Amino acid sequence: MTTREIAGKTVEVNEEGFMTDPSQWDKEIAVELAKEEGIPELTPAHWKIIEFCRQSAAKTGAAPTLRNITIGAGVSTKELFALFPKGPAKKVARISGLGKPEGCV
Amino acid sequence: MKTFLILGAGTGGTMVANKMAQHLDPREWRIIIVDRDENHYYQPGFLFIPFGIYSTADVIKPKRNFLPPQVEVIFSDIELIEPDENRVRLVKGERVIHYDYLVIATGAHLKPEETPGLVDGGWYKNIFDFYTLEGASALSRAFKFWKGGRMVVNVVEMPIKCPVAPLEFLFLADWFFHERGIRDKVDITFATPLPGAFTKPRASSILGNILAEKNIHLEPEFNIMEVDNDKQVIRSYDEREIEYDLLVTIPTNMGADVIGRSGMGDELQFVPVNKHTLQSNQWENVWVIGDASNAPASKAGSVAHFMLDVLVENILRHMEGLEPQPKFDGHANCFIESGFEKGILIDFNYEVEPLPGKFPLPGFGPFSLLKESAVNHWGKMMFRWIYWNMLLKGEEMPFESQMTMAGKWA
Ligand SMILES: Cc1cc2nc3c(=O)[nH]c(=O)nc-3n(C[C@H](O)[C@H](O)[C@H](O)COP(=O)(O)OP(=O)(O)OC[C@H]3O[C@@H](n4cnc5c(N)ncnc54)[C@H](O)[C@@H]3O)c2cc1C
């Protein structure tokens, strides 16, 4: 485990760059992490998904999987890929300050 | 009389039946196991069928042979589980079973219909799976007369059972086409939703190199949206297209439909459990072994075996009014067949990714970890004998349930 600075705050991250303490997260951090993931600007559509993921993780203790997100946040898989290209579940988890979704073992 | 009920008599359920028969007093307990199918399938053997290495006879045996005489075996479809009532409804004779303890071992199953176009056109003509006996056998017939072209292997979504099986299929295909003298006429692509060849970073880079050495093209982060049967392409959500002449798919894997029908599963019909104790999160007399659980461990027979001791101990503790112990560490151990009579062995758990080194196995080993060797290939071939003769009976195996770091290069 290491620490790094994002948006002027020091936070804990793992080897893959996922924050390990969701309580250290805030919206400014999300904006910076989104840029690192190649998303220059977070629109309301992005925020809706991020909010859903934060709430879902607070309840279950784990970042939601792709299917959790499409069913729970009411977006189509296609839309989700347009918002967070390539690996949306992983990307949105990282931007939302959550661990890597456990679906991939 | 109290009832210990096991649903599913595959790898996990069979092991639990054997273990519990040793522990439970037959004057106090009756053990019942239910499965729809009288045959037991050695699923790891399906991998070898397309290449003519195993035949159907090598992978099927009657389930009854592997279950102890004092266990009541019912062959029926399971209609519904009603965990609030401690009750299970069967299809056959509309029988209702009331249980004191329930072990769910209903496995993971293929859902090709989840992907648009997958089963509507070329299914079992130029599109095949090898995760079922029917698919593997159909593919073996197709391979016999195939003259070459573009073969695409696609994993639809994670998790899948035996996550290394698609890589093994690729390695064996490379070897098979070499042997048939048509390797230069076959173009092999592996399209996967993962960012690399495998889930864990170290193993992914080493296995990725082996793919490259064998001239197998890797298309990472490919999330399939649909199969276009007319154009013979698979299309991803980000509009990438890959052309195929022969498509080998690993379709969506989901828990049994009865789990979904009974409202006991997550969005993929896997049963939520405590990943260290294997007890259901919702019902304290319900326990889950093998592929049916949502534990973020590999879905593999070896994992079901490592779950067994923890599960049985915890159930026995629960019967005595003791707390379950959080002993399951996600331990997985897989031989990866890499073609040309070589194999690779990986060993990992929830915390530790597969590492290179040596796997000490008293009496057998050592096996090289994350490296090709002939010994690892023989380990894989021996696994079938171990599976039928030791593993299903829940016998002591020469390895521990918990992972050891001995011999690993961290
Ligand atoms: C191609 C392939 C290669 C593999 N290679 C390996 C390997 O090399 N090493 C390894 O360790 N593992 C491997 N595996 C994985 C391994 O086979 C599984 O993880 C293991 O069999 C899981 O055991 P289980 O008891 O959870 O489920 P299963 O063995 O699948 O048993 C589930 C049982 O439940 C029954 N069932 C389900 N629903 C109902 C219902 N409604 N009514 C009645 N019965 C029902 C089914 O009939 C079945 O018998 C491989 C799998 C495949 C497909």
# chains A, B, ... in the order shown; residues from 1 in each chain; ligands from 1
>>> interface_residues(of="chain A", to="chain B", cutoff="10 Å", atoms="only C-alpha atoms", output="PyMOL selection string")
chain A and resi 16+65-68+71-72+77-82+85-87+101-105
>>> residues_around(residues="segment 73-87 of chain B", least_positions_apart="5", cutoff="9 Å", atoms="only C-alpha atoms", output="JSON list (two decimals) with C-alpha atoms, in the first residue's frame")
[["chain", "number", "residue", "atom", "x", "y", "z"],
["B", 7, "LEU", "CA", -28.70, -29.67, -3.76],
["B", 9, "ALA", "CA", -24.37, -33.78, -6.96],
["B", 31, "ILE", "CA", -28.57, -37.18, 4.31],
["B", 32, "ILE", "CA", -30.35, -36.48, 1.02],
["B", 33, "ILE", "CA", -28.75, -35.31, -2.21],
["B", 34, "VAL", "CA", -30.72, -34.16, -5.26],
["B", 35, "ASP", "CA", -29.58, -33.78, -8.86],
["B", 36, "ARG", "CA", -31.42, -33.82, -12.17],
["B", 37, "ASP", "CA", -28.77, -35.82, -14.00],
["B", 38, "GLU", "CA", -27.76, -39.41, -13.29],
["B", 64, "ARG", "CA", -24.32, -43.20, -7.80],
["B", 67, "LEU", "CA", -21.96, -41.47, -3.30],
["B", 92, "LYS", "CA", -40.52, -35.36, -9.47],
["B", 93, "GLY", "CA", -43.65, -36.44, -7.61],
["B", 94, "GLU", "CA", -44.06, -32.84, -6.44],
["B", 96, "VAL", "CA", -41.44, -31.43, -0.63],
["B", 97, "ILE", "CA", -38.37, -31.84, 1.59],
["B", 98, "HIS", "CA", -38.06, -30.08, 4.95],
["B", 99, "TYR", "CA", -34.45, -29.63, 5.98],
["B", 100, "ASP", "CA", -32.45, -28.68, 9.06],
["B", 101, "TYR", "CA", -29.31, -27.86, 7.09],
["B", 102, "LEU", "CA", -29.04, -27.04, 3.40],
["B", 258, "VAL", "CA", -33.51, -22.40, -9.46],
["B", 259, "ILE", "CA", -31.41, -19.92, -7.44],
["B", 261, "ARG", "CA", -36.42, -18.41, -9.27],
["B", 262, "SER", "CA", -36.08, -18.75, -5.51],
["B", 263, "GLY", "CA", -34.86, -15.16, -5.14],
["B", 264, "MET", "CA", -31.64, -16.30, -3.47],
["B", 283, "TRP", "CA", -29.91, -17.82, 6.30],
["B", 285, "ASN", "CA", -28.53, -22.95, 8.12],
["B", 286, "VAL", "CA", -27.74, -22.46, 4.43]]
>>> atom_distance(atom1="atom CA of Val71 of chain B", atom2="atom CA of Met20 of chain B")
9.5 Å
>>> select_by_dssp(residues="segment 82-293 of chain B", states="helix (DSSP H, G or I)", output="NGL selection string")
:B and (92-94 or 112-114 or 133-145 or 165-179 or 183-185 or 201-213 or 257-261 or 290-292)
>>> residues_near_ligand(ligand="ligand 1", cutoff="7 Å", atoms="only C-alpha atoms and all ligand atoms", output="mmCIF file with N, CA and C atoms, in the first residue's frame")
data_model
loop_
_atom_site.group_PDB
_atom_site.id
_atom_site.type_symbol
_atom_site.label_atom_id
_atom_site.label_comp_id
_atom_site.auth_asym_id
_atom_site.auth_seq_id
_atom_site.Cartn_x
_atom_site.Cartn_y
_atom_site.Cartn_z
ATOM 1 N N LEU B 7 -28.143 -29.890 -2.428
ATOM 2 C CA LEU B 7 -28.698 -29.668 -3.765
ATOM 3 C C LEU B 7 -27.562 -29.627 -4.777
ATOM 4 N N GLY B 8 -27.586 -30.572 -5.726
ATOM 5 C CA GLY B 8 -26.532 -30.658 -6.738
ATOM 6 C C GLY B 8 -25.532 -31.732 -6.346
ATOM 7 N N ALA B 9 -25.333 -32.721 -7.219
ATOM 8 C CA ALA B 9 -24.366 -33.784 -6.959
ATOM 9 C C ALA B 9 -23.256 -33.748 -7.993
ATOM 10 N N GLY B 10 -22.707 -32.549 -8.208
ATOM 11 C CA GLY B 10 -21.514 -32.399 -9.048
ATOM 12 C C GLY B 10 -20.293 -32.526 -8.154
ATOM 13 N N THR B 11 -19.227 -31.799 -8.521
ATOM 14 C CA THR B 11 -17.972 -31.912 -7.773
ATOM 15 C C THR B 11 -18.166 -31.590 -6.289
ATOM 16 N N GLY B 12 -18.760 -30.431 -5.999
ATOM 17 C CA GLY B 12 -18.875 -29.966 -4.618
ATOM 18 C C GLY B 12 -19.860 -30.794 -3.805
ATOM 19 N N GLY B 13 -21.050 -31.008 -4.338
ATOM 20 C CA GLY B 13 -22.094 -31.732 -3.617
ATOM 21 C C GLY B 13 -21.669 -33.159 -3.284
ATOM 22 N N VAL B 34 -29.831 -34.233 -4.100
ATOM 23 C CA VAL B 34 -30.724 -34.156 -5.261
ATOM 24 C C VAL B 34 -29.957 -33.624 -6.468
ATOM 25 N N ASP B 35 -30.140 -34.289 -7.600
ATOM 26 C CA ASP B 35 -29.582 -33.782 -8.858
ATOM 27 C C ASP B 35 -30.487 -34.238 -9.995
ATOM 28 N N ARG B 36 -30.532 -33.452 -11.064
ATOM 29 C CA ARG B 36 -31.418 -33.817 -12.172
ATOM 30 C C ARG B 36 -30.807 -34.875 -13.071
ATOM 31 N N ASP B 37 -29.488 -35.022 -13.003
ATOM 32 C CA ASP B 37 -28.774 -35.816 -13.995
ATOM 33 C C ASP B 37 -28.121 -37.023 -13.333
ATOM 34 N N HIS B 40 -22.344 -38.154 -13.843
ATOM 35 C CA HIS B 40 -21.373 -37.168 -13.362
ATOM 36 C C HIS B 40 -20.431 -36.858 -14.520
ATOM 37 N N TYR B 42 -16.924 -35.139 -15.821
ATOM 38 C CA TYR B 42 -15.617 -34.595 -15.476
ATOM 39 C C TYR B 42 -15.392 -33.398 -16.406
ATOM 40 N N GLN B 43 -15.841 -32.225 -15.942
ATOM 41 C CA GLN B 43 -15.823 -31.041 -16.816
ATOM 42 C C GLN B 43 -14.423 -30.637 -17.291
ATOM 43 N N PRO B 44 -13.373 -30.752 -16.441
ATOM 44 C CA PRO B 44 -12.039 -30.390 -16.953
ATOM 45 C C PRO B 44 -11.671 -31.185 -18.206
ATOM 46 N N GLY B 45 -12.253 -32.376 -18.369
ATOM 47 C CA GLY B 45 -11.957 -33.196 -19.542
ATOM 48 C C GLY B 45 -12.580 -32.665 -20.828
ATOM 49 N N PHE B 46 -13.615 -31.800 -20.715
ATOM 50 C CA PHE B 46 -14.261 -31.252 -21.922
ATOM 51 C C PHE B 46 -13.241 -30.546 -22.814
ATOM 52 N N LEU B 47 -12.257 -29.917 -22.161
ATOM 53 C CA LEU B 47 -11.219 -29.179 -22.882
ATOM 54 C C LEU B 47 -10.507 -30.040 -23.930
ATOM 55 N N SER B 76 -33.989 -35.712 -9.635
ATOM 56 C CA SER B 76 -35.141 -34.879 -9.980
ATOM 57 C C SER B 76 -34.668 -33.448 -10.199
ATOM 58 N N ASP B 77 -35.418 -32.691 -10.973
ATOM 59 C CA ASP B 77 -35.186 -31.258 -11.064
ATOM 60 C C ASP B 77 -35.620 -30.615 -9.759
ATOM 61 N N ILE B 78 -34.890 -29.586 -9.340
ATOM 62 C CA ILE B 78 -35.302 -28.847 -8.149
ATOM 63 C C ILE B 78 -36.174 -27.690 -8.626
ATOM 64 N N GLU B 79 -37.376 -27.641 -8.103
ATOM 65 C CA GLU B 79 -38.332 -26.643 -8.554
ATOM 66 C C GLU B 79 -38.090 -25.301 -7.852
ATOM 67 N N ALA B 105 -25.076 -26.650 -3.957
ATOM 68 C CA ALA B 105 -23.936 -27.005 -4.803
ATOM 69 C C ALA B 105 -24.437 -27.157 -6.236
ATOM 70 N N THR B 106 -25.220 -26.166 -6.680
ATOM 71 C CA THR B 106 -25.867 -26.282 -7.987
ATOM 72 C C THR B 106 -25.029 -25.712 -9.132
ATOM 73 N N GLY B 107 -23.799 -25.250 -8.838
ATOM 74 C CA GLY B 107 -22.859 -24.937 -9.905
ATOM 75 C C GLY B 107 -23.133 -23.674 -10.699
ATOM 76 N N ALA B 108 -22.358 -23.535 -11.795
ATOM 77 C CA ALA B 108 -22.505 -22.426 -12.739
ATOM 78 C C ALA B 108 -22.820 -23.008 -14.108
ATOM 79 N N PHE B 130 -16.993 -24.972 -25.757
ATOM 80 C CA PHE B 130 -16.418 -26.257 -25.342
ATOM 81 C C PHE B 130 -16.619 -26.468 -23.840
ATOM 82 N N TYR B 131 -17.523 -25.682 -23.234
ATOM 83 C CA TYR B 131 -17.801 -25.807 -21.800
ATOM 84 C C TYR B 131 -18.923 -26.799 -21.509
ATOM 85 N N THR B 132 -19.546 -27.333 -22.575
ATOM 86 C CA THR B 132 -20.537 -28.389 -22.397
ATOM 87 C C THR B 132 -20.074 -29.587 -23.219
ATOM 88 N N LYS B 161 -16.300 -20.178 -15.113
ATOM 89 C CA LYS B 161 -15.630 -21.239 -14.370
ATOM 90 C C LYS B 161 -14.318 -21.564 -15.069
ATOM 91 N N CYS B 162 -13.386 -22.020 -14.270
ATOM 92 C CA CYS B 162 -12.041 -22.316 -14.760
ATOM 93 C C CYS B 162 -11.506 -21.222 -15.691
ATOM 94 N N ALA B 165 -9.179 -22.004 -18.616
ATOM 95 C CA ALA B 165 -9.525 -22.945 -19.690
ATOM 96 C C ALA B 165 -9.467 -22.311 -21.097
ATOM 97 N N ALA B 256 -27.403 -21.483 -11.107
ATOM 98 C CA ALA B 256 -28.558 -22.254 -11.571
ATOM 99 C C ALA B 256 -29.833 -21.406 -11.558
ATOM 100 N N ASP B 257 -30.723 -21.681 -12.511
ATOM 101 C CA ASP B 257 -31.983 -20.932 -12.602
ATOM 102 C C ASP B 257 -32.817 -21.061 -11.326
ATOM 103 N N VAL B 258 -32.710 -22.213 -10.665
ATOM 104 C CA VAL B 258 -33.513 -22.404 -9.458
ATOM 105 C C VAL B 258 -33.108 -21.384 -8.376
ATOM 106 N N ILE B 289 -21.184 -24.350 -1.528
ATOM 107 C CA ILE B 289 -19.855 -24.816 -1.964
ATOM 108 C C ILE B 289 -19.756 -24.741 -3.480
ATOM 109 N N GLY B 290 -18.543 -24.467 -3.964
ATOM 110 C CA GLY B 290 -18.259 -24.538 -5.392
ATOM 111 C C GLY B 290 -18.715 -23.317 -6.166
ATOM 112 N N ASP B 291 -19.024 -23.561 -7.447
ATOM 113 C CA ASP B 291 -19.309 -22.479 -8.384
ATOM 114 C C ASP B 291 -20.575 -21.700 -8.039
ATOM 115 N N ALA B 292 -21.468 -22.272 -7.235
ATOM 116 C CA ALA B 292 -22.759 -21.637 -6.963
ATOM 117 C C ALA B 292 -22.647 -20.375 -6.107
ATOM 118 N N LYS B 299 -13.737 -20.155 -9.996
ATOM 119 C CA LYS B 299 -14.741 -21.214 -9.994
ATOM 120 C C LYS B 299 -14.075 -22.445 -10.581
ATOM 121 N N ALA B 300 -13.551 -23.312 -9.702
ATOM 122 C CA ALA B 300 -12.806 -24.480 -10.158
ATOM 123 C C ALA B 300 -13.013 -25.635 -9.194
ATOM 124 N N GLY B 301 -12.829 -26.840 -9.711
ATOM 125 C CA GLY B 301 -12.953 -28.032 -8.886
ATOM 126 C C GLY B 301 -11.953 -28.021 -7.739
ATOM 127 N N SER B 302 -10.738 -27.540 -8.031
ATOM 128 C CA SER B 302 -9.722 -27.499 -6.976
ATOM 129 C C SER B 302 -10.155 -26.548 -5.866
ATOM 130 N N VAL B 303 -10.832 -25.468 -6.234
ATOM 131 C CA VAL B 303 -11.300 -24.505 -5.234
ATOM 132 C C VAL B 303 -12.409 -25.133 -4.388
ATOM 133 N N ALA B 304 -13.329 -25.856 -5.036
ATOM 134 C CA ALA B 304 -14.389 -26.548 -4.294
ATOM 135 C C ALA B 304 -13.755 -27.496 -3.283
ATOM 136 N N CYS B 334 -4.266 -24.338 -10.241
ATOM 137 C CA CYS B 334 -4.670 -24.812 -11.572
ATOM 138 C C CYS B 334 -3.486 -25.233 -12.418
ATOM 139 N N PHE B 335 -3.594 -26.414 -12.994
ATOM 140 C CA PHE B 335 -2.654 -26.804 -14.043
ATOM 141 C C PHE B 335 -3.164 -26.215 -15.347
#
>>> residues_around(residues="His377 of chain B", least_positions_apart="5", cutoff="9 Å", atoms="only C-alpha atoms", output="PyMOL selection string")
chain B and resi 335-339+341-345+372+382
>>> write_last_selection(atoms="N, CA and C atoms", output="short mmCIF file (atom, residue, chain, number, x, y, z; two decimals), in the first residue's frame")
data_model
loop_
_atom_site.label_atom_id
_atom_site.label_comp_id
_atom_site.auth_asym_id
_atom_site.auth_seq_id
_atom_site.Cartn_x
_atom_site.Cartn_y
_atom_site.Cartn_z
N PHE B 335 -3.59 -26.41 -12.99
CA PHE B 335 -2.65 -26.80 -14.04
C PHE B 335 -3.16 -26.21 -15.35
N ILE B 336 -2.27 -25.56 -16.07
CA ILE B 336 -2.66 -25.00 -17.37
C ILE B 336 -1.95 -25.80 -18.44
N GLU B 337 -2.74 -26.50 -19.25
CA GLU B 337 -2.16 -27.30 -20.32
C GLU B 337 -1.68 -26.34 -21.40
N SER B 338 -0.38 -26.43 -21.79
CA SER B 338 0.11 -25.42 -22.72
C SER B 338 0.49 -25.99 -24.08
N GLY B 339 0.15 -27.25 -24.33
CA GLY B 339 0.40 -27.83 -25.65
C GLY B 339 1.77 -28.48 -25.73
N GLU B 341 2.72 -31.36 -24.95
CA GLU B 341 2.99 -32.12 -23.73
C GLU B 341 3.70 -31.31 -22.66
N LYS B 342 3.35 -30.05 -22.57
CA LYS B 342 3.87 -29.24 -21.48
C LYS B 342 2.70 -28.60 -20.74
N GLY B 343 3.00 -28.15 -19.53
CA GLY B 343 1.96 -27.49 -18.74
C GLY B 343 2.57 -26.45 -17.82
N ILE B 344 1.68 -25.64 -17.25
CA ILE B 344 2.08 -24.57 -16.34
C ILE B 344 1.22 -24.76 -15.10
N LEU B 345 1.76 -24.46 -13.92
CA LEU B 345 0.95 -24.56 -12.71
C LEU B 345 0.86 -23.18 -12.05
N GLU B 372 6.51 -23.23 -18.09
CA GLU B 372 6.16 -24.47 -18.78
C GLU B 372 7.07 -25.62 -18.38
N MET B 382 -2.80 -36.46 -14.78
CA MET B 382 -3.04 -37.25 -13.57
C MET B 382 -4.29 -36.76 -12.82
#
>>> residues_around(residues="Ala73 of chain A", least_positions_apart="6", cutoff="10 Å", atoms="only C-alpha atoms", output="PDB file with N, CA and C atoms, in the first residue's frame")
ATOM      1  N   LYS A  48     -24.291  10.574 -12.275  1.00  0.00           N
ATOM      2  CA  LYS A  48     -25.378   9.686 -11.862  1.00  0.00           C
ATOM      3  C   LYS A  48     -24.831   8.268 -11.588  1.00  0.00           C
ATOM      4  N   ILE A  49     -23.945   7.832 -12.482  1.00  0.00           N
ATOM      5  CA  ILE A  49     -23.370   6.493 -12.326  1.00  0.00           C
ATOM      6  C   ILE A  49     -22.441   6.463 -11.106  1.00  0.00           C
ATOM      7  N   ILE A  50     -21.634   7.509 -10.961  1.00  0.00           N
ATOM      8  CA  ILE A  50     -20.685   7.553  -9.840  1.00  0.00           C
ATOM      9  C   ILE A  50     -21.447   7.514  -8.506  1.00  0.00           C
ATOM     10  N   GLU A  51     -22.511   8.324  -8.430  1.00  0.00           N
ATOM     11  CA  GLU A  51     -23.334   8.336  -7.199  1.00  0.00           C
ATOM     12  C   GLU A  51     -23.895   6.945  -6.912  1.00  0.00           C
ATOM     13  N   PHE A  52     -24.400   6.306  -7.975  1.00  0.00           N
ATOM     14  CA  PHE A  52     -24.962   4.970  -7.782  1.00  0.00           C
ATOM     15  C   PHE A  52     -23.907   4.014  -7.225  1.00  0.00           C
ATOM     16  N   CYS A  53     -22.699   4.085  -7.811  1.00  0.00           N
ATOM     17  CA  CYS A  53     -21.641   3.161  -7.387  1.00  0.00           C
ATOM     18  C   CYS A  53     -21.230   3.411  -5.947  1.00  0.00           C
ATOM     19  N   SER A  56     -24.026   2.020  -3.772  1.00  0.00           N
ATOM     20  CA  SER A  56     -24.045   0.567  -3.826  1.00  0.00           C
ATOM     21  C   SER A  56     -22.901  -0.004  -2.973  1.00  0.00           C
ATOM     22  N   ARG A  67     -22.991  -5.580 -14.440  1.00  0.00           N
ATOM     23  CA  ARG A  67     -24.416  -5.897 -14.405  1.00  0.00           C
ATOM     24  C   ARG A  67     -25.126  -5.189 -13.259  1.00  0.00           C
TER      25      ARG A  67
END
>>> decode(residues="segment 246-275 of chain B", atoms="N, CA and C atoms", output="short mmCIF file (atom, residue, chain, number, x, y, z; two decimals), in the first residue's frame")
data_model
loop_
_atom_site.label_atom_id
_atom_site.label_comp_id
_atom_site.auth_asym_id
_atom_site.auth_seq_id
_atom_site.Cartn_x
_atom_site.Cartn_y
_atom_site.Cartn_z
N LEU B 246 -14.54 -19.36 -37.77
CA LEU B 246 -14.94 -20.29 -36.71
C LEU B 246 -14.89 -19.51 -35.40
N LEU B 247 -16.02 -19.46 -34.71
CA LEU B 247 -16.06 -18.73 -33.44
C LEU B 247 -16.20 -19.73 -32.30
N VAL B 248 -15.26 -19.68 -31.36
CA VAL B 248 -15.36 -20.51 -30.16
C VAL B 248 -15.66 -19.57 -29.00
N THR B 249 -16.85 -19.74 -28.43
CA THR B 249 -17.29 -18.78 -27.41
C THR B 249 -17.26 -19.42 -26.03
N ILE B 250 -16.94 -18.59 -25.04
CA ILE B 250 -17.18 -18.97 -23.65
C ILE B 250 -18.30 -18.04 -23.20
N PRO B 251 -19.57 -18.53 -23.27
CA PRO B 251 -20.72 -17.66 -23.02
C PRO B 251 -20.79 -17.22 -21.55
N THR B 252 -21.68 -16.28 -21.28
CA THR B 252 -21.95 -15.84 -19.91
C THR B 252 -22.18 -17.06 -19.02
N ASN B 253 -21.56 -17.06 -17.86
CA ASN B 253 -21.78 -18.12 -16.85
C ASN B 253 -22.69 -17.56 -15.77
N MET B 254 -23.73 -18.32 -15.42
CA MET B 254 -24.62 -17.88 -14.34
C MET B 254 -24.90 -19.04 -13.39
N GLY B 255 -25.29 -18.70 -12.18
CA GLY B 255 -25.72 -19.72 -11.24
C GLY B 255 -26.99 -20.39 -11.75
N ALA B 256 -27.40 -21.48 -11.11
CA ALA B 256 -28.56 -22.25 -11.57
C ALA B 256 -29.83 -21.41 -11.56
N ASP B 257 -30.72 -21.68 -12.51
CA ASP B 257 -31.98 -20.93 -12.60
C ASP B 257 -32.82 -21.06 -11.33
N VAL B 258 -32.71 -22.21 -10.67
CA VAL B 258 -33.51 -22.40 -9.46
C VAL B 258 -33.11 -21.38 -8.38
N ILE B 259 -31.86 -20.95 -8.40
CA ILE B 259 -31.41 -19.92 -7.44
C ILE B 259 -32.10 -18.60 -7.76
N GLY B 260 -32.16 -18.27 -9.06
CA GLY B 260 -32.84 -17.05 -9.49
C GLY B 260 -34.34 -17.11 -9.15
N ARG B 261 -34.98 -18.23 -9.55
CA ARG B 261 -36.42 -18.41 -9.27
C ARG B 261 -36.74 -18.29 -7.79
N SER B 262 -35.82 -18.75 -6.95
CA SER B 262 -36.08 -18.75 -5.51
C SER B 262 -35.70 -17.42 -4.86
N GLY B 263 -35.23 -16.48 -5.66
CA GLY B 263 -34.86 -15.16 -5.14
C GLY B 263 -33.68 -15.20 -4.19
N MET B 264 -32.78 -16.17 -4.39
CA MET B 264 -31.64 -16.30 -3.47
C MET B 264 -30.33 -15.79 -4.06
N GLY B 265 -30.36 -15.32 -5.32
CA GLY B 265 -29.10 -15.02 -5.98
C GLY B 265 -28.85 -13.54 -6.22
N ASP B 266 -27.63 -13.23 -6.64
CA ASP B 266 -27.31 -11.87 -7.07
C ASP B 266 -27.72 -11.74 -8.55
N GLU B 267 -27.23 -10.70 -9.24
CA GLU B 267 -27.69 -10.46 -10.62
C GLU B 267 -27.23 -11.55 -11.58
N LEU B 268 -26.26 -12.39 -11.16
CA LEU B 268 -25.86 -13.52 -12.00
C LEU B 268 -26.32 -14.85 -11.39
N GLN B 269 -27.26 -14.77 -10.46
CA GLN B 269 -27.83 -15.96 -9.81
C GLN B 269 -26.82 -16.72 -8.95
N PHE B 270 -25.76 -16.04 -8.51
CA PHE B 270 -24.85 -16.67 -7.55
C PHE B 270 -25.32 -16.32 -6.14
N VAL B 271 -25.14 -17.25 -5.21
CA VAL B 271 -25.67 -17.05 -3.86
C VAL B 271 -24.67 -16.27 -3.00
N PRO B 272 -25.08 -15.11 -2.47
CA PRO B 272 -24.16 -14.34 -1.63
C PRO B 272 -23.79 -15.10 -0.35
N VAL B 273 -22.47 -15.22 -0.11
CA VAL B 273 -21.97 -15.89 1.09
C VAL B 273 -20.90 -15.04 1.75
N ASN B 274 -20.61 -15.36 2.98
CA ASN B 274 -19.42 -14.83 3.63
C ASN B 274 -18.23 -15.53 2.96
N LYS B 275 -17.33 -14.78 2.33
CA LYS B 275 -16.30 -15.40 1.49
C LYS B 275 -15.25 -16.17 2.29
#
